[in-house]
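Colleague: The structure follows.
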Amino acid sequence: MSTEAATINNQADFYPEEVYKELVEAGVFYGRSKSKTNPKMKPCVLTNRGGIEIINLAKTIEGLEAAIGFLKEKIRSGGLVLLVGTQPAAQDTIVRLAMKFNFPYVIRRWPGGALTNFKVISKRIEYFKKTKSDLAAGFFQKYTKKEQLDIEKEVSRLEELMGGLVNLNREPDVLLVIDPSPHLTAVREANRLNIPIIAFADVDSNPDLLQYPVVGNNKSRKSIDWFLGKIETAIDEGRVMQKEAAAAKEAEKQAEHNEK
């Protein structure tokens with residue numbers, strides 16, 4: 001076992017051993033270099049080894065528990081989550097979750113104003129969806145070859161920019177971000193609109209911008225998959241709670257109807 005892992009395992013008295021083993025195996029405890037650490041993240045740093053900050057996993061678990069509790073309640077009430085993760089290590093899993101739950105996502109460049117200028121962005125999304133549909137249906141075959149090529153290029157450009165936002169039919173209830181540091185525009189837009197943010201954030205992030213930060217190594221695919229696996233389970237459980245709540249409400253209505 002590495003020195004870092006041995007240091008982390010000393011915390012296992014506070015949480016079940018299997019929880020810490022899972023975190024250590026995923027490499028969640030690796031932070032950034034000391035020079036890149038945001039001073040406000042110091043409480044989340046356990047120690048430093050070889051110039052790399054070692055994350056206090058007790059803080060990671062506390063943040064995860066808070067984020068999951070909040071997320072379950074949002075999903076139970078029908079909440080819409082916008083998933084954002086443009087780094088290659090996150091893209092595949094982000095898309096898989098988005099497809100599973102019919103959530104909007106961004107894995108390329110963040111379209112500026114996607115939240116703060118939502119009406120304009122919505123019109124662009126509708127234009128993209130219609131143009132793509134018309135292209136697939138052969139509507140543009142009567143156009144010249146050059147015109148058709150231009151339309152294909154436009155659809156390709158919009159697919160790259162807005163393809164993941166076709167399910168963004170209203171303002172999201174939650175913004176979920178993998179690594180907020182390169183996504184500050186999205187974070188700031190969400191803050192302006194008071195949209196809560198769940199973020200898998202390393203020690204270089206500013207926690208003041210994040211309502212539900214989960215501190216961990218957000219550069220490693222294994223670590224990101226660990227985090228998104230917990231998010232997926234929370235959404236699944238929230239959907240079950242949503243169905244149960246709907247069934248209970250329907251049963252209550254039926255009971256009231258029978259009493260009349």
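The way I read the labels, and the way they are meant: chains A, B, ... in the order of the structure tokens, residue 1 as the first residue of every chain, and ligand 1 as the first ligand shown, with later ones counted on from there.
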Please extract the residues of range 45-238 of chain A with a backbone DSSP assignment of helix (DSSP H, G or I) and present them as an MDAnalysis selection string.
Modeller: chainID A and resid 57:76 88:101 118:136 139:142 145:165 181:192 207:209 221:238
Colleague: Could you name the residues that touch range 48-61 of chain A at 6 Å or less, counting only C-alpha atoms, but leaving out those on the same chain fewer than 6 positions away, as an MDAnalysis selection string?
Modeller: chainID A and resid 29:34 214:215
Colleague: Excluding Ile195 in chain A and any residue of its chain fewer than 5 positions from it, enumerate the residues within 7 Å of it, using only C-alpha atoms, and give them as an mmCIF file with N, CA and C atoms, in the first residue's frame.
Modeller:
data_model
loop_
_atom_site.group_PDB
_atom_site.id
_atom_site.type_symbol
_atom_site.label_atom_id
_atom_site.label_comp_id
_atom_site.auth_asym_id
_atom_site.auth_seq_id
_atom_site.Cartn_x
_atom_site.Cartn_y
_atom_site.Cartn_z
ATOM 1 N N ASP A 173 -33.347 22.356 -12.600
ATOM 2 C CA ASP A 173 -33.451 22.507 -11.145
ATOM 3 C C ASP A 173 -32.099 22.315 -10.465
ATOM 4 N N VAL A 174 -31.203 21.636 -11.160
ATOM 5 C CA VAL A 174 -29.865 21.361 -10.615
ATOM 6 C C VAL A 174 -28.849 21.405 -11.755
ATOM 7 N N LEU A 175 -27.688 21.997 -11.483
ATOM 8 C CA LEU A 175 -26.551 21.913 -12.402
ATOM 9 C C LEU A 175 -25.541 20.983 -11.759
ATOM 10 N N ALA A 190 -25.451 29.701 -13.324
ATOM 11 C CA ALA A 190 -26.325 29.021 -12.366
ATOM 12 C C ALA A 190 -26.468 29.833 -11.081
#
Colleague: Residues near range 185-188 of chain A, anyone? I mean within 9 Å using only C-alpha atoms, not counting same-chain ones fewer than 4 positions away, as a PyMOL selection string.
Modeller: chain A and resi 84+110-115+175+177+180-181+192-193+197+209-210
Colleague: Show me, as a Markdown table, the residues of range 121-190 of chain A having an atom within 12 Å of range 221-245 of chain A, each with the closest atom pair and its distance in Å, using only C-alpha atoms.
Modeller:
| residue | atom | partner | partner_atom | distance |
| --- | --- | --- | --- | --- |
| A:Leu176 | CA | A:Ile231 | CA | 9.5 |
| A:Val177 | CA | A:Leu228 | CA | 10.4 |
| A:Ile178 | CA | A:Ile224 | CA | 7.7 |
| A:Asp179 | CA | A:Ile224 | CA | 9.6 |
Colleague: Compare A:Arg108, A:Lys123, A:Lys42, A:Arg76 by their minimum atom-to-atom distance to Leu168 in chain A, counting only C-alpha atoms, and give me the closest one.
Modeller: A:Lys123
Colleague: Skipping near chain neighbours, those fewer than 5 positions away, what residues fall within 10 Å of Asn167 in chain A using only C-alpha atoms, listed as an MDAnalysis selection string?
Modeller: chainID A and resid 80 82 98:99 102:105 125
Colleague: So how far away is CA of Asn218 in chain A from CA of Val81 in chain A, in Å?
Modeller: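 Calculated distance between CA of Val81 in chain A and CA of Asn218 in chain A is 19.4 Å.
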Colleague: Please determine, counting only C-alpha atoms, which residue among A:Ala67, A:Met41, A:Leu135, A:Val19 has the shortest atom-to-atom distance to Pro207 in chain A.
Modeller: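 Residue with the minimum atom-to-atom distance to Pro207 in chain A: A:Met41.
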Colleague: What gap, in Å, lies between CA of Val24 in chain A and CA of Ser220 in chain A?
Modeller: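 Atom-to-atom, CA of Val24 in chain A to CA of Ser220 in chain A, that is 12.5 Å.
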Colleague: Quick check, in Å to one decimal: how far apart do CA of Ser35 in chain A and CA of Phe200 in chain A lie?
Modeller: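 Atom-to-atom, CA of Ser35 in chain A and CA of Phe200 in chain A are spaced 20.0 Å apart.
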Colleague: Pick out the residues sitting within 9 Å of range 152-155 of chain A, and hand them over as a PyMOL selection string; count only C-alpha atoms, and ignore anything fewer than 5 positions along from it in its own chain.
Modeller: chain A and resi 128-129+131-132+135+147+160
Colleague: DSSP on the backbone: which residues in range 138-252 of chain A end up as strand (DSSP E or B)? Give the answer as a list in words.
Modeller: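 Checking each residue of range 138-252 of chain A, the strand (DSSP E or B) ones are Val174, Leu175, Leu176, Val177, Ile178, Ile197, Ile198, Ala199, Phe200, Ala201, Tyr212, Pro213, Val214 and Val215 of chain A.
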